[in-house]
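Enquirer: Below is one structure. I have some questions about it.
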Amino acid sequence: MLVTGAGRGLGRALADLYAAAGFRVIACTRQGTGDAPPLDVSDAASIAALGDHLAGVPIDIVINNAAIRGDTGGLASLETHGFLEVMRINVLAPLLVARALRPNLLAGRRRVIANIGSRAGSLAEGTIDDEDGDYAYRCSKAALNMATVKLAQDFRSDGIAVLSLHPGWVKTDMGGTEAAVEVAESALGLKRLIDDARMAETGSFRAYDGRTVLW
């Protein structure tokens, strides 16, 4: 299996869980590992190079975890370059990774893509009880939901299931110390969903605790 953003936090926890379960884990980081070259998900050429490096390697599961938060202010602090950088990393990169690794998934047995989304991107739930602006992150996660649905449609004939998964408000560098969910708890819940994924669930939006999140 392969996970992006595996250097720390949730990505690291997921990589460790799958390694403990006996999977060969390709843990992608900016620095690179023994199994993968350095991966900069903001750079399309870096993503393409990853695909070239892994040509012919079967991969059962791809977890698109790498993401950034961006500016958390309101409309007044919105800035073009920063907004586009969040969209590039949080939305475009998972699509490019899916494209680059599609042959690897076809060679694998499980054939699952898990996009780590967020309830913050839900049009129905994403602004409930929230007062911060957080325009870039919320828009990017809403767009990632659409990307998930489109990939699910495009990859259905390949037997590749594509999920959008909400990890909860996790105690990571992004989530902060006041977050409600421990990294280990979130990772375990996400792994259960990924391991149980079948084509019947493709294109769905689920939370780490198993509940369905409204789009």
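By order in the structure tokens, chains are A, B, ...; within a chain, residues start at 1; ligands start at 1, following the order shown.
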Go through stretch 108-192 of chain A residue by residue and, counting only C-alpha atoms, keep those with an atom at most 8 Å from stretch 71-89 of chain A; for each kept residue give the shortest atom pair and its distance in Å to one decimal, ordered by chain and increasing number, as CSV.

Expert:
```
residue,atom,partner,partner_atom,distance
A:Asp132,CA,A:Gly73,CA,6.5
A:Gly133,CA,A:Gly74,CA,4.0
A:Asp134,CA,A:Thr72,CA,4.1
A:Tyr135,CA,A:Gly74,CA,6.8
A:Ala136,CA,A:Phe83,CA,5.2
A:Tyr137,CA,A:Val86,CA,6.7
A:Cys139,CA,A:Met87,CA,7.9
A:Ser140,CA,A:Met87,CA,5.3
```

Enquirer: Could you please take those selected residues and save C-alpha atoms as a short mmCIF file (atom, residue, chain, number, x, y, z; two decimals), in the first residue's frame?

Expert:
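Wrote it out as again_31.cif, contents follow:
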```
data_model
loop_
_atom_site.label_atom_id
_atom_site.label_comp_id
_atom_site.auth_asym_id
_atom_site.auth_seq_id
_atom_site.Cartn_x
_atom_site.Cartn_y
_atom_site.Cartn_z
CA ASP A 132 -13.78 30.76 11.39
CA GLY A 133 -13.48 31.62 7.71
CA ASP A 134 -11.03 28.95 6.53
CA TYR A 135 -12.11 29.53 2.93
CA ALA A 136 -9.27 27.73 1.15
CA TYR A 137 -9.33 24.54 3.21
CA CYS A 139 -13.34 24.84 -0.56
CA SER A 140 -10.54 22.37 -1.23
#
```

Enquirer: Any idea what's packed within 8 Å of A:Asn65, counting only C-alpha atoms, ignoring anything in its chain fewer than 6 positions away? Could you give it as a ChimeraX atom specification?

Expert: /A:3-6,10-11,115-116

Enquirer: Output the selection as a tab-separated table (two decimals), in the first residue's frame - C-alpha atoms for each residue.

Expert:
```tsv
chain	number	residue	atom	x	y	z
A	3	VAL	CA	0.29	6.68	1.62
A	4	THR	CA	1.20	10.29	0.89
A	5	GLY	CA	2.12	12.74	3.63
A	6	ALA	CA	3.53	9.86	5.67
A	10	LEU	CA	-2.09	10.69	10.57
A	11	GLY	CA	-0.10	9.59	7.52
A	115	ASN	CA	-8.93	10.34	-0.15
A	116	ILE	CA	-8.58	11.86	3.31
```

Enquirer: Give me, as a Markdown table, the closest atom pair and its distance (Å, one decimal) for every residue of stretch 40-154 of chain A within a cut-off of 12 Å of stretch 13-25 of chain A, counting only C-alpha atoms, rows sorted by chain and rising number.

Expert:
```
| residue | atom | partner | partner_atom | distance |
| --- | --- | --- | --- | --- |
| A:Val57 | CA | A:Arg24 | CA | 11.1 |
| A:Pro58 | CA | A:Arg24 | CA | 10.5 |
| A:Ile59 | CA | A:Arg24 | CA | 9.1 |
| A:Asp60 | CA | A:Phe23 | CA | 9.4 |
| A:Ile61 | CA | A:Val25 | CA | 9.6 |
| A:Val62 | CA | A:Val25 | CA | 10.1 |
| A:Ile63 | CA | A:Leu14 | CA | 8.9 |
| A:Asn64 | CA | A:Leu14 | CA | 11.2 |
| A:Asn65 | CA | A:Leu14 | CA | 9.5 |
| A:Arg110 | CA | A:Phe23 | CA | 11.9 |
| A:Ala114 | CA | A:Leu14 | CA | 11.6 |
| A:Ile116 | CA | A:Leu14 | CA | 11.4 |
```

Enquirer: Write a file of the selected residues as a short mmCIF file (atom, residue, chain, number, x, y, z; two decimals), in the first residue's frame, keeping N, CA, C and O atoms.

Expert:
```
data_model
loop_
_atom_site.label_atom_id
_atom_site.label_comp_id
_atom_site.auth_asym_id
_atom_site.auth_seq_id
_atom_site.Cartn_x
_atom_site.Cartn_y
_atom_site.Cartn_z
N VAL A 57 4.89 -2.18 -10.20
CA VAL A 57 4.75 -2.61 -8.81
C VAL A 57 3.27 -2.67 -8.44
O VAL A 57 2.58 -1.65 -8.48
N PRO A 58 2.74 -3.84 -8.09
CA PRO A 58 1.33 -3.91 -7.67
C PRO A 58 1.11 -3.15 -6.37
O PRO A 58 1.90 -3.25 -5.44
N ILE A 59 0.02 -2.38 -6.31
CA ILE A 59 -0.35 -1.65 -5.10
C ILE A 59 -1.82 -1.92 -4.80
O ILE A 59 -2.66 -1.74 -5.67
N ASP A 60 -2.11 -2.35 -3.60
CA ASP A 60 -3.49 -2.67 -3.23
C ASP A 60 -4.28 -1.43 -2.81
O ASP A 60 -5.47 -1.32 -3.10
N ILE A 61 -3.64 -0.52 -2.08
CA ILE A 61 -4.33 0.61 -1.48
C ILE A 61 -3.50 1.87 -1.67
O ILE A 61 -2.29 1.86 -1.43
N VAL A 62 -4.15 2.95 -2.08
CA VAL A 62 -3.51 4.26 -2.14
C VAL A 62 -4.28 5.19 -1.21
O VAL A 62 -5.50 5.34 -1.35
N ILE A 63 -3.58 5.81 -0.27
CA ILE A 63 -4.21 6.77 0.64
C ILE A 63 -3.65 8.15 0.33
O ILE A 63 -2.47 8.42 0.55
N ASN A 64 -4.50 9.02 -0.19
CA ASN A 64 -4.13 10.41 -0.45
C ASN A 64 -4.35 11.20 0.83
O ASN A 64 -5.45 11.70 1.09
N ASN A 65 -3.29 11.31 1.62
CA ASN A 65 -3.37 11.95 2.92
C ASN A 65 -2.75 13.34 2.96
O ASN A 65 -3.16 14.19 3.75
N ARG A 110 -6.55 -5.51 -3.87
CA ARG A 110 -7.60 -4.83 -3.14
C ARG A 110 -8.21 -3.68 -3.94
O ARG A 110 -9.40 -3.44 -3.91
N ALA A 114 -8.24 5.84 -1.06
CA ALA A 114 -8.88 6.55 0.05
C ALA A 114 -8.37 7.99 0.05
O ALA A 114 -7.17 8.23 0.25
N ILE A 116 -8.30 11.34 1.97
CA ILE A 116 -8.58 11.86 3.31
C ILE A 116 -9.20 13.25 3.17
O ILE A 116 -8.52 14.22 2.87
#
```

Enquirer: Would you list, as a ChimeraX atom specification, the residues of stretch 55-100 of chain A that end up in alpha helix (DSSP H) under DSSP run on this structure's backbone?

Expert: /A:80-87,93-100

Enquirer: Just the number, please: distance in Å from atom CA of A:Gly51 to atom CA of A:Arg69, one decimal.

Expert: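 The value is 25.9 Å.
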
Enquirer: Write out as a PyMOL selection string the residues lying within 9 Å of A:Ala147, counting only C-alpha atoms and excluding same-chain residues fewer than 6 positions away.

Expert: chain A and resi 91-92+94-95
